[in-house]
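Take a look at the structure below.
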Amino acid sequence: LSLLLPRDGVSHRFNPSMRELSGIAPFGLTEAVPAATEIPEPMCGEYKTKRFTVTPHPQGGFSQILADGKKLFAGRSGYLRGVIDGKDCQSTGRIEAFRLNGGALRLVEKGQIAEMAYTIRWHFNDACPEITFDMELCADGRMIGRKSGDIHDPFSAYIHEEKLRMILLPALREERTGICDRPFACERTVERYVQGYYLAAVTDGSDGIAVYSEGGVCLDREDEGVCSIPLAFAMHHIWDDAQGTINASMISQDNSGVHLMQGRYSYRYAIRAFADGMRDHQLLHEAVDFAQPVFETRYSPALTALTIDAPGCELSALFTDKGRLFVRLYDIGGEGCVAKIHLGGRPARLRCCTMLCEESGDWSTSVSIPPKKIMTLRVG
């Protein structure tokens, strides 16, 4: 991890491994790249980049995606399904393809599910292993989830399998373990619902598939090998109870009543296949990069490069106090590490501190960070 420190004391994050996920060139110390140019591709049964081979499904979504020659899915994936107005519905859409500068591929699907229009933009960029998609749903007040008007209905309103969701059929074995992030940690789980802040993944011990989010994500391990990403839910006993009391925030400006998901709703996720050799904390590192992207900037001689070498650790804070520079690191790999920092290309001196920046101990060019600990270091 590297950062650029302007002499005015304001920090700008720099991560050389981060790639802009919609076709722009890899991140680096160069001038910002202009917005990607879309060139329409002829309709065909298969689209390729150097890394990905994509086969669209005639009714929307994908029949198959190969990443570096390896199958991601065991059947149709990338389509929508949900119980809408009491009926189990599936999406139907049509895909158009566009080639971006640098050879990246964008597939745009426009379709409907229960007469609700949607647009999904899929991005395939050889510079990174993630497949990103952003989706826009035009909701028109329909009930989404198991239909009920009874506030005492014993059926839980939060059962994910009834919601509007993105369906995936990963090419994994049946025995699967979930991976998700927690505050300052990663966790493995056997629960049906794999829920995290930025990361939710499943692995069969050899291969896996991860979903990254900008904040709040669930991967539902449904029956017959299906995994899904819950997106939307709207019902009377959530948005408006059986007694007729109305949540004031849901009343339209003209006081005409409650609107159950009325208008346009946007979603953005990334899907990433991985092998078992990839550590859980590496997935989380990528997920955070997805949620908090960085962009190219012109290099300035007024910037000093600070490089942090701390495998298995994440940077949670970089700040100054009374003219002193501090970094705060936490171990997420569960194994601990030795942290080293270079300032302007030279080894920096480090000194342990409390959370209140009270210094203690001797100066050193390396500091051991114990497993699952948070440490504040002064950089000298």
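Chain labels run A, B, ... following the order of the structure tokens; each chain numbers its residues from 1, and ligands are numbered from 1 in the order shown.
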Might you pull out every residue within 8 Å of Phe184 of chain A, with only C-alpha atoms counted and same-chain residues fewer than 4 positions away left off, and present them as a compact mmCIF listing (two decimals) with all heavy atoms, in the first residue's frame?
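Now in result_2.txt:
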# COMPACT_ATOMS: atom_id res chain seq x y z
N TYR A 330 -4.41 -2.48 11.46
CA TYR A 330 -5.00 -3.60 12.20
C TYR A 330 -4.78 -4.89 11.43
O TYR A 330 -4.83 -4.92 10.20
CB TYR A 330 -6.49 -3.37 12.49
CG TYR A 330 -7.39 -3.28 11.28
CD1 TYR A 330 -8.05 -4.41 10.80
CD2 TYR A 330 -7.62 -2.07 10.65
CE1 TYR A 330 -8.89 -4.34 9.71
CE2 TYR A 330 -8.46 -1.98 9.55
CZ TYR A 330 -9.10 -3.12 9.09
OH TYR A 330 -9.93 -3.03 8.00
N ASP A 331 -4.49 -5.95 12.18
CA ASP A 331 -4.26 -7.26 11.59
C ASP A 331 -5.60 -7.92 11.27
O ASP A 331 -6.44 -8.09 12.15
CB ASP A 331 -3.46 -8.15 12.53
CG ASP A 331 -3.36 -9.57 12.00
OD1 ASP A 331 -2.67 -9.77 11.00
OD2 ASP A 331 -4.01 -10.46 12.59
N ILE A 332 -5.78 -8.28 10.01
CA ILE A 332 -7.03 -8.91 9.61
C ILE A 332 -6.83 -10.36 9.19
O ILE A 332 -7.77 -11.13 9.08
CB ILE A 332 -7.68 -8.11 8.45
CG1 ILE A 332 -9.16 -8.45 8.35
CG2 ILE A 332 -6.96 -8.35 7.14
CD1 ILE A 332 -9.91 -7.55 7.41
N LYS A 372 -4.85 -10.03 15.21
CA LYS A 372 -6.14 -9.41 15.52
C LYS A 372 -6.01 -8.22 16.48
O LYS A 372 -6.85 -8.01 17.34
CB LYS A 372 -7.11 -10.45 16.08
CG LYS A 372 -7.40 -11.58 15.10
CD LYS A 372 -8.42 -12.55 15.63
CE LYS A 372 -8.70 -13.65 14.59
NZ LYS A 372 -9.69 -14.64 15.08
Residues near Ala287 of chain A, anyone? I mean within 12 Å using only C-alpha atoms, not counting same-chain ones fewer than 6 positions away, as a PyMOL selection string. chain A and resi 18+130+132+180-181+186+196-201+210-217+269-272+280-281+293
Could you save those same residues with N, CA and C atoms as an mmCIF file, in the first residue's frame?
data_model
loop_
_atom_site.group_PDB
_atom_site.id
_atom_site.type_symbol
_atom_site.label_atom_id
_atom_site.label_comp_id
_atom_site.auth_asym_id
_atom_site.auth_seq_id
_atom_site.Cartn_x
_atom_site.Cartn_y
_atom_site.Cartn_z
ATOM 1 N N MET A 18 -4.989 -1.028 -7.500
ATOM 2 C CA MET A 18 -6.400 -0.735 -7.783
ATOM 3 C C MET A 18 -6.585 -0.430 -9.260
ATOM 4 N N GLU A 130 -12.214 -8.956 -11.265
ATOM 5 C CA GLU A 130 -13.613 -8.767 -10.900
ATOM 6 C C GLU A 130 -14.483 -8.474 -12.122
ATOM 7 N N THR A 132 -17.829 -6.430 -12.714
ATOM 8 C CA THR A 132 -18.690 -5.502 -12.001
ATOM 9 C C THR A 132 -20.005 -5.327 -12.751
ATOM 10 N N CYS A 180 -17.342 -13.906 5.100
ATOM 11 C CA CYS A 180 -17.886 -12.550 5.148
ATOM 12 C C CYS A 180 -17.003 -11.695 6.050
ATOM 13 N N ASP A 181 -17.152 -10.386 5.941
ATOM 14 C CA ASP A 181 -16.361 -9.489 6.764
ATOM 15 C C ASP A 181 -17.162 -9.017 7.967
ATOM 16 N N CYS A 186 -12.348 -10.970 9.292
ATOM 17 C CA CYS A 186 -13.084 -11.833 8.360
ATOM 18 C C CYS A 186 -13.566 -13.051 9.129
ATOM 19 N N GLY A 196 -22.296 -9.617 4.968
ATOM 20 C CA GLY A 196 -21.160 -8.800 5.367
ATOM 21 C C GLY A 196 -21.381 -7.348 5.027
ATOM 22 N N TYR A 197 -20.381 -6.541 5.329
ATOM 23 C CA TYR A 197 -20.433 -5.118 5.009
ATOM 24 C C TYR A 197 -20.016 -4.876 3.556
ATOM 25 N N TYR A 198 -18.853 -5.410 3.179
ATOM 26 C CA TYR A 198 -18.331 -5.231 1.831
ATOM 27 C C TYR A 198 -18.135 -6.554 1.103
ATOM 28 N N LEU A 199 -18.123 -7.671 1.835
ATOM 29 C CA LEU A 199 -17.738 -8.958 1.259
ATOM 30 C C LEU A 199 -18.689 -10.060 1.694
ATOM 31 N N ALA A 200 -19.138 -10.864 0.729
ATOM 32 C CA ALA A 200 -19.829 -12.121 0.992
ATOM 33 C C ALA A 200 -19.349 -13.111 -0.065
ATOM 34 N N ALA A 201 -18.921 -14.294 0.361
ATOM 35 C CA ALA A 201 -18.346 -15.260 -0.571
ATOM 36 C C ALA A 201 -18.681 -16.674 -0.126
ATOM 37 N N ALA A 210 -16.902 -14.677 -4.947
ATOM 38 C CA ALA A 210 -17.100 -13.606 -3.974
ATOM 39 C C ALA A 210 -17.928 -12.495 -4.597
ATOM 40 N N VAL A 211 -18.686 -11.806 -3.742
ATOM 41 C CA VAL A 211 -19.461 -10.640 -4.155
ATOM 42 C C VAL A 211 -18.985 -9.457 -3.323
ATOM 43 N N TYR A 212 -18.618 -8.363 -4.000
ATOM 44 C CA TYR A 212 -18.194 -7.139 -3.331
ATOM 45 C C TYR A 212 -19.318 -6.110 -3.424
ATOM 46 N N SER A 213 -19.439 -5.300 -2.382
ATOM 47 C CA SER A 213 -20.513 -4.311 -2.317
ATOM 48 C C SER A 213 -19.955 -2.980 -1.853
ATOM 49 N N GLU A 214 -20.682 -1.915 -2.129
ATOM 50 C CA GLU A 214 -20.298 -0.596 -1.639
ATOM 51 C C GLU A 214 -20.763 -0.379 -0.205
ATOM 52 N N GLY A 215 -21.429 -1.372 0.387
ATOM 53 C CA GLY A 215 -21.861 -1.274 1.774
ATOM 54 C C GLY A 215 -23.125 -2.070 2.016
ATOM 55 N N GLY A 216 -22.993 -3.248 2.650
ATOM 56 C CA GLY A 216 -24.129 -4.115 2.924
ATOM 57 C C GLY A 216 -24.356 -5.104 1.802
ATOM 58 N N VAL A 217 -24.055 -6.400 2.046
ATOM 59 C CA VAL A 217 -24.182 -7.404 0.996
ATOM 60 C C VAL A 217 -24.569 -8.738 1.639
ATOM 61 N N TYR A 269 -22.409 -3.878 -7.698
ATOM 62 C CA TYR A 269 -21.690 -4.987 -7.082
ATOM 63 C C TYR A 269 -20.549 -5.421 -8.001
ATOM 64 N N ALA A 270 -19.657 -6.241 -7.454
ATOM 65 C CA ALA A 270 -18.635 -6.915 -8.249
ATOM 66 C C ALA A 270 -18.663 -8.397 -7.897
ATOM 67 N N ILE A 271 -18.424 -9.245 -8.897
ATOM 68 C CA ILE A 271 -18.369 -10.691 -8.725
ATOM 69 C C ILE A 271 -16.961 -11.153 -9.075
ATOM 70 N N ARG A 272 -16.384 -11.976 -8.216
ATOM 71 C CA ARG A 272 -14.988 -12.359 -8.406
ATOM 72 C C ARG A 272 -14.794 -13.848 -8.111
ATOM 73 N N ASP A 280 -8.565 -15.042 2.958
ATOM 74 C CA ASP A 280 -9.799 -14.296 3.193
ATOM 75 C C ASP A 280 -9.550 -12.796 3.264
ATOM 76 N N HIS A 281 -8.445 -12.405 3.928
ATOM 77 C CA HIS A 281 -8.189 -10.973 4.067
ATOM 78 C C HIS A 281 -7.823 -10.324 2.734
ATOM 79 N N PRO A 293 -13.127 3.378 -4.253
ATOM 80 C CA PRO A 293 -12.173 3.404 -5.373
ATOM 81 C C PRO A 293 -11.298 4.643 -5.353
#
In Å, how far is it from atom CA of Arg142 of chain A to atom CA of Gln90 of chain A?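 A separation of 14.9 Å between them.
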I'd like the neighbourhood of Glu175 of chain A as a compact mmCIF listing (two decimals) with all heavy atoms, in the first residue's frame, where a residue qualifies if any of its atoms comes within 10 Å (using only C-alpha atoms), though same-chain residues fewer than 5 positions away should be ignored.
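What ended up in selection.txt:
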# COMPACT_ATOMS: atom_id res chain seq x y z
N VAL A 190 -21.12 -21.37 8.31
CA VAL A 190 -21.90 -22.41 7.63
C VAL A 190 -23.36 -21.98 7.51
O VAL A 190 -24.19 -22.76 7.06
CB VAL A 190 -21.80 -23.75 8.38
CG1 VAL A 190 -20.38 -24.28 8.35
CG2 VAL A 190 -22.30 -23.62 9.82
N VAL A 202 -18.57 -17.63 -1.07
CA VAL A 202 -18.69 -19.05 -0.75
C VAL A 202 -17.53 -19.79 -1.42
O VAL A 202 -17.08 -19.41 -2.50
CB VAL A 202 -20.04 -19.65 -1.22
CG1 VAL A 202 -21.18 -19.11 -0.39
CG2 VAL A 202 -20.27 -19.40 -2.70
N THR A 203 -17.04 -20.83 -0.75
CA THR A 203 -15.97 -21.64 -1.31
C THR A 203 -16.24 -23.10 -1.03
O THR A 203 -16.84 -23.45 -0.01
CB THR A 203 -14.60 -21.23 -0.70
OG1 THR A 203 -13.58 -22.10 -1.20
CG2 THR A 203 -14.62 -21.33 0.82
N ASP A 204 -15.81 -23.97 -1.96
CA ASP A 204 -15.96 -25.42 -1.75
C ASP A 204 -14.66 -26.05 -1.29
O ASP A 204 -14.52 -27.27 -1.28
CB ASP A 204 -16.47 -26.08 -3.04
CG ASP A 204 -15.51 -25.94 -4.21
OD1 ASP A 204 -14.39 -25.42 -4.02
OD2 ASP A 204 -15.89 -26.34 -5.34
N GLY A 205 -13.69 -25.22 -0.94
CA GLY A 205 -12.39 -25.72 -0.50
C GLY A 205 -11.34 -25.67 -1.57
O GLY A 205 -10.14 -25.68 -1.27
N GLY A 225 -27.76 -25.68 -5.41
CA GLY A 225 -26.53 -25.02 -5.79
C GLY A 225 -26.65 -23.56 -6.16
O GLY A 225 -25.65 -22.91 -6.49
Segment 113-118 of chain A: which residues within 7 Å, counting only C-alpha atoms, same-chain residues fewer than 5 positions away excluded, as a ChimeraX atom specification? /A:84,89-92,136-140
With N, CA, C and O atoms retained, could you export that selection as a compact mmCIF listing (two decimals), in the first residue's frame?
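What landed in selection_29.txt:
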# COMPACT_ATOMS: atom_id res chain seq x y z
N ILE A 84 -43.38 -11.23 -6.98
CA ILE A 84 -43.89 -9.88 -7.22
C ILE A 84 -45.40 -9.94 -7.38
O ILE A 84 -45.91 -10.69 -8.24
N CYS A 89 -41.67 -14.60 -10.33
CA CYS A 89 -41.37 -14.03 -11.66
C CYS A 89 -39.88 -14.11 -11.96
O CYS A 89 -39.04 -14.11 -11.05
N GLN A 90 -39.55 -14.20 -13.25
CA GLN A 90 -38.18 -14.14 -13.73
C GLN A 90 -38.06 -13.03 -14.76
O GLN A 90 -39.02 -12.67 -15.43
N SER A 91 -36.85 -12.50 -14.86
CA SER A 91 -36.62 -11.41 -15.80
C SER A 91 -36.42 -11.92 -17.22
O SER A 91 -35.99 -13.06 -17.44
N THR A 92 -36.73 -11.08 -18.17
CA THR A 92 -36.46 -11.33 -19.58
C THR A 92 -35.84 -10.07 -20.15
O THR A 92 -36.42 -8.98 -20.02
N GLU A 136 -30.11 -0.55 -12.59
CA GLU A 136 -31.14 0.44 -12.28
C GLU A 136 -32.50 -0.22 -12.45
O GLU A 136 -32.80 -0.78 -13.50
N LEU A 137 -33.32 -0.16 -11.40
CA LEU A 137 -34.65 -0.75 -11.40
C LEU A 137 -35.69 0.36 -11.34
O LEU A 137 -35.59 1.26 -10.50
N CYS A 138 -36.66 0.31 -12.24
CA CYS A 138 -37.76 1.28 -12.24
C CYS A 138 -38.95 0.65 -11.51
O CYS A 138 -39.74 -0.09 -12.12
N ALA A 139 -39.06 0.91 -10.21
CA ALA A 139 -40.13 0.33 -9.40
C ALA A 139 -41.41 1.14 -9.58
O ALA A 139 -41.37 2.37 -9.70
N ASP A 140 -42.54 0.44 -9.56
CA ASP A 140 -43.81 1.11 -9.82
C ASP A 140 -44.85 0.81 -8.74
O ASP A 140 -46.05 0.76 -9.00
Counting only C-alpha atoms, the residue among A:Glu335, A:Glu46, A:Glu162, A:Asp289 that lies closest to Phe62 of chain A is A:Glu46
Considering only alpha helix (DSSP H) as DSSP defines it on the backbone, what residues of segment 36-246 of chain A qualify? List them as JSON, numbers by chain. {"A": [236, 237, 238, 239]}
Check the smallest atom-to-atom distance from each of A:Ala234, A:Cys128, A:Ile120, A:Ala74 to Arg173 of chain A using only C-alpha atoms, then report the winner.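 Using only C-alpha atoms, Arg173 of chain A sits closest to A:Ala74.
For the atom pair formed by atom CA of Arg351 of chain A and atom CA of Thr320 of chain A, the distance is 14.3 Å, given to one decimal.
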Closest of A:Gln292, A:Ser63, A:Ser206, A:Thr307 to Gly277 of chain A - atom-to-atom distances counting only C-alpha atoms: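 The shortest atom-to-atom distance to Gly277 of chain A comes from A:Ser206.
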Set the distance at 8 Å and use only C-alpha atoms: which residues neighbour segment 169-172 of chain A once local chain neighbours fewer than 5 positions away are removed? I'd like the list as a PDB file with all heavy atoms, in the first residue's frame.
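File written: out18.pdb
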ATOM      1  N   LYS A  71     -14.553 -22.185 -15.918  1.00  0.00           N
ATOM      2  CA  LYS A  71     -15.984 -21.899 -15.836  1.00  0.00           C
ATOM      3  C   LYS A  71     -16.328 -21.250 -14.498  1.00  0.00           C
ATOM      4  O   LYS A  71     -15.933 -21.729 -13.437  1.00  0.00           O
ATOM      5  CB  LYS A  71     -16.804 -23.186 -15.978  1.00  0.00           C
ATOM      6  CG  LYS A  71     -16.873 -23.736 -17.391  1.00  0.00           C
ATOM      7  CD  LYS A  71     -17.816 -24.931 -17.443  1.00  0.00           C
ATOM      8  CE  LYS A  71     -17.953 -25.463 -18.866  1.00  0.00           C
ATOM      9  NZ  LYS A  71     -18.910 -26.610 -18.914  1.00  0.00           N
ATOM     10  N   LEU A  72     -17.118 -20.156 -14.569  1.00  0.00           N
ATOM     11  CA  LEU A  72     -17.604 -19.518 -13.353  1.00  0.00           C
ATOM     12  C   LEU A  72     -18.948 -20.082 -12.921  1.00  0.00           C
ATOM     13  O   LEU A  72     -19.228 -20.195 -11.726  1.00  0.00           O
ATOM     14  CB  LEU A  72     -17.744 -18.009 -13.567  1.00  0.00           C
ATOM     15  CG  LEU A  72     -16.560 -17.146 -13.140  1.00  0.00           C
ATOM     16  CD1 LEU A  72     -15.339 -17.454 -13.977  1.00  0.00           C
ATOM     17  CD2 LEU A  72     -16.916 -15.672 -13.238  1.00  0.00           C
ATOM     18  N   PHE A  73     -19.781 -20.448 -13.906  1.00  0.00           N
ATOM     19  CA  PHE A  73     -21.146 -20.850 -13.601  1.00  0.00           C
ATOM     20  C   PHE A  73     -21.460 -22.218 -14.193  1.00  0.00           C
ATOM     21  O   PHE A  73     -20.889 -22.626 -15.193  1.00  0.00           O
ATOM     22  CB  PHE A  73     -22.144 -19.820 -14.114  1.00  0.00           C
ATOM     23  CG  PHE A  73     -21.900 -18.432 -13.576  1.00  0.00           C
ATOM     24  CD1 PHE A  73     -21.515 -17.393 -14.404  1.00  0.00           C
ATOM     25  CD2 PHE A  73     -22.047 -18.165 -12.218  1.00  0.00           C
ATOM     26  CE1 PHE A  73     -21.282 -16.128 -13.910  1.00  0.00           C
ATOM     27  CE2 PHE A  73     -21.824 -16.906 -11.707  1.00  0.00           C
ATOM     28  CZ  PHE A  73     -21.435 -15.889 -12.549  1.00  0.00           C
ATOM     29  N   ALA A  74     -22.421 -22.913 -13.542  1.00  0.00           N
ATOM     30  CA  ALA A  74     -22.837 -24.239 -13.997  1.00  0.00           C
ATOM     31  C   ALA A  74     -24.159 -24.190 -14.746  1.00  0.00           C
ATOM     32  O   ALA A  74     -24.702 -25.229 -15.114  1.00  0.00           O
ATOM     33  CB  ALA A  74     -22.960 -25.175 -12.800  1.00  0.00           C
ATOM     34  N   GLY A  75     -24.676 -23.018 -14.981  1.00  0.00           N
ATOM     35  CA  GLY A  75     -25.949 -22.842 -15.683  1.00  0.00           C
ATOM     36  C   GLY A  75     -26.279 -21.369 -15.782  1.00  0.00           C
ATOM     37  O   GLY A  75     -25.469 -20.509 -15.412  1.00  0.00           O
ATOM     38  N   ARG A  76     -27.472 -21.062 -16.279  1.00  0.00           N
ATOM     39  CA  ARG A  76     -27.862 -19.671 -16.474  1.00  0.00           C
ATOM     40  C   ARG A  76     -27.690 -18.863 -15.184  1.00  0.00           C
ATOM     41  O   ARG A  76     -28.116 -19.271 -14.112  1.00  0.00           O
ATOM     42  CB  ARG A  76     -29.319 -19.586 -16.930  1.00  0.00           C
ATOM     43  CG  ARG A  76     -29.744 -18.151 -17.285  1.00  0.00           C
ATOM     44  CD  ARG A  76     -31.232 -18.026 -17.539  1.00  0.00           C
ATOM     45  NE  ARG A  76     -31.609 -16.658 -17.796  1.00  0.00           N
ATOM     46  CZ  ARG A  76     -32.865 -16.199 -17.781  1.00  0.00           C
ATOM     47  NH1 ARG A  76     -33.865 -17.039 -17.531  1.00  0.00           N
ATOM     48  NH2 ARG A  76     -33.126 -14.925 -18.010  1.00  0.00           N
ATOM     49  N   SER A  77     -27.057 -17.706 -15.305  1.00  0.00           N
ATOM     50  CA  SER A  77     -26.778 -16.840 -14.163  1.00  0.00           C
ATOM     51  C   SER A  77     -26.915 -15.382 -14.582  1.00  0.00           C
ATOM     52  O   SER A  77     -26.968 -15.071 -15.773  1.00  0.00           O
ATOM     53  CB  SER A  77     -25.362 -17.097 -13.614  1.00  0.00           C
ATOM     54  OG  SER A  77     -25.226 -18.429 -13.158  1.00  0.00           O
ATOM     55  N   THR A 203     -17.040 -20.830  -0.754  1.00  0.00           N
ATOM     56  CA  THR A 203     -15.966 -21.639  -1.306  1.00  0.00           C
ATOM     57  C   THR A 203     -16.236 -23.105  -1.028  1.00  0.00           C
ATOM     58  O   THR A 203     -16.838 -23.452  -0.007  1.00  0.00           O
ATOM     59  CB  THR A 203     -14.604 -21.232  -0.699  1.00  0.00           C
ATOM     60  OG1 THR A 203     -13.581 -22.100  -1.198  1.00  0.00           O
ATOM     61  CG2 THR A 203     -14.620 -21.327   0.815  1.00  0.00           C
ATOM     62  N   ASP A 204     -15.813 -23.969  -1.956  1.00  0.00           N
ATOM     63  CA  ASP A 204     -15.963 -25.419  -1.755  1.00  0.00           C
ATOM     64  C   ASP A 204     -14.662 -26.050  -1.295  1.00  0.00           C
ATOM     65  O   ASP A 204     -14.523 -27.269  -1.275  1.00  0.00           O
ATOM     66  CB  ASP A 204     -16.472 -26.083  -3.038  1.00  0.00           C
ATOM     67  CG  ASP A 204     -15.511 -25.935  -4.210  1.00  0.00           C
ATOM     68  OD1 ASP A 204     -14.395 -25.418  -4.022  1.00  0.00           O
ATOM     69  OD2 ASP A 204     -15.885 -26.338  -5.335  1.00  0.00           O
ATOM     70  N   ASP A 207     -12.264 -23.883  -4.969  1.00  0.00           N
ATOM     71  CA  ASP A 207     -12.605 -22.672  -5.700  1.00  0.00           C
ATOM     72  C   ASP A 207     -13.715 -21.936  -4.962  1.00  0.00           C
ATOM     73  O   ASP A 207     -14.379 -22.489  -4.073  1.00  0.00           O
ATOM     74  CB  ASP A 207     -13.054 -23.000  -7.128  1.00  0.00           C
ATOM     75  CG  ASP A 207     -11.968 -23.700  -7.932  1.00  0.00           C
ATOM     76  OD1 ASP A 207     -10.959 -23.038  -8.235  1.00  0.00           O
ATOM     77  OD2 ASP A 207     -12.129 -24.902  -8.219  1.00  0.00           O
ATOM     78  N   GLY A 208     -13.928 -20.691  -5.356  1.00  0.00           N
ATOM     79  CA  GLY A 208     -14.971 -19.914  -4.710  1.00  0.00           C
ATOM     80  C   GLY A 208     -15.426 -18.765  -5.571  1.00  0.00           C
ATOM     81  O   GLY A 208     -14.850 -18.478  -6.626  1.00  0.00           O
ATOM     82  N   ILE A 209     -16.496 -18.131  -5.129  1.00  0.00           N
ATOM     83  CA  ILE A 209     -16.999 -16.942  -5.811  1.00  0.00           C
ATOM     84  C   ILE A 209     -17.348 -15.918  -4.740  1.00  0.00           C
ATOM     85  O   ILE A 209     -17.960 -16.251  -3.720  1.00  0.00           O
ATOM     86  CB  ILE A 209     -18.207 -17.269  -6.710  1.00  0.00           C
ATOM     87  CG1 ILE A 209     -18.567 -16.063  -7.571  1.00  0.00           C
ATOM     88  CG2 ILE A 209     -19.406 -17.737  -5.905  1.00  0.00           C
ATOM     89  CD1 ILE A 209     -19.485 -16.416  -8.726  1.00  0.00           C
ATOM     90  N   GLY A 225     -27.756 -25.684  -5.406  1.00  0.00           N
ATOM     91  CA  GLY A 225     -26.526 -25.018  -5.792  1.00  0.00           C
ATOM     92  C   GLY A 225     -26.650 -23.556  -6.158  1.00  0.00           C
ATOM     93  O   GLY A 225     -25.653 -22.908  -6.490  1.00  0.00           O
ATOM     94  N   VAL A 226     -27.859 -23.007  -6.095  1.00  0.00           N
ATOM     95  CA  VAL A 226     -28.072 -21.607  -6.474  1.00  0.00           C
ATOM     96  C   VAL A 226     -27.598 -20.683  -5.363  1.00  0.00           C
ATOM     97  O   VAL A 226     -27.809 -20.940  -4.179  1.00  0.00           O
ATOM     98  CB  VAL A 226     -29.567 -21.346  -6.776  1.00  0.00           C
ATOM     99  CG1 VAL A 226     -29.830 -19.864  -6.975  1.00  0.00           C
ATOM    100  CG2 VAL A 226     -30.000 -22.134  -8.005  1.00  0.00           C
ATOM    101  N   CYS A 227     -26.941 -19.603  -5.749  1.00  0.00           N
ATOM    102  CA  CYS A 227     -26.639 -18.498  -4.843  1.00  0.00           C
ATOM    103  C   CYS A 227     -27.333 -17.251  -5.390  1.00  0.00           C
ATOM    104  O   CYS A 227     -27.467 -17.099  -6.609  1.00  0.00           O
ATOM    105  CB  CYS A 227     -25.143 -18.245  -4.737  1.00  0.00           C
ATOM    106  SG  CYS A 227     -24.237 -19.512  -3.827  1.00  0.00           S
TER     107      CYS A 227
END
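Each of A:Arg264, A:Arg94, A:Arg81, A:Lys48 was checked against Ile65 of chain A using only C-alpha atoms; the smallest atom-to-atom distance is that of A:Lys48.
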Nearest candidate to Ala127 of chain A (options A:His160, A:Gly145, A:Thr49, A:Arg192; using only C-alpha atoms):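 Answer, going by the shortest atom-to-atom distance: A:Thr49.
The shortest atom-to-atom distance to Val367 of chain A, with only C-alpha atoms taken into account, belongs to A:Leu329 out of A:Met355, A:Leu329, A:Arg346, A:Thr37.
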For Pro347 of chain A: contacts at 10 Å, only C-alpha atoms, fewer than 2 positions along chain excluded, given as a VMD selection string: chain A and resid 306 to 307 340 to 345 349 to 350 364 to 366 380
Select from segment 61-285 of chain A everything DSSP, run on the backbone, classes as strand (DSSP E), then give the selection as a VMD selection string. chain A and resid 62 to 67 70 to 71 79 to 84 87 to 90 92 to 99 105 to 113 116 to 124 131 to 140 164 to 168 177 to 182 185 to 189 193 to 196 199 to 203 207 to 213 217 to 221 227 to 232 262 to 275
Mind checking which residues fall within 8 Å of Thr189 of chain A, counting only C-alpha atoms, ignoring those fewer than 6 positions away in the same chain, and posting them as a ChimeraX atom specification? /A:177-180
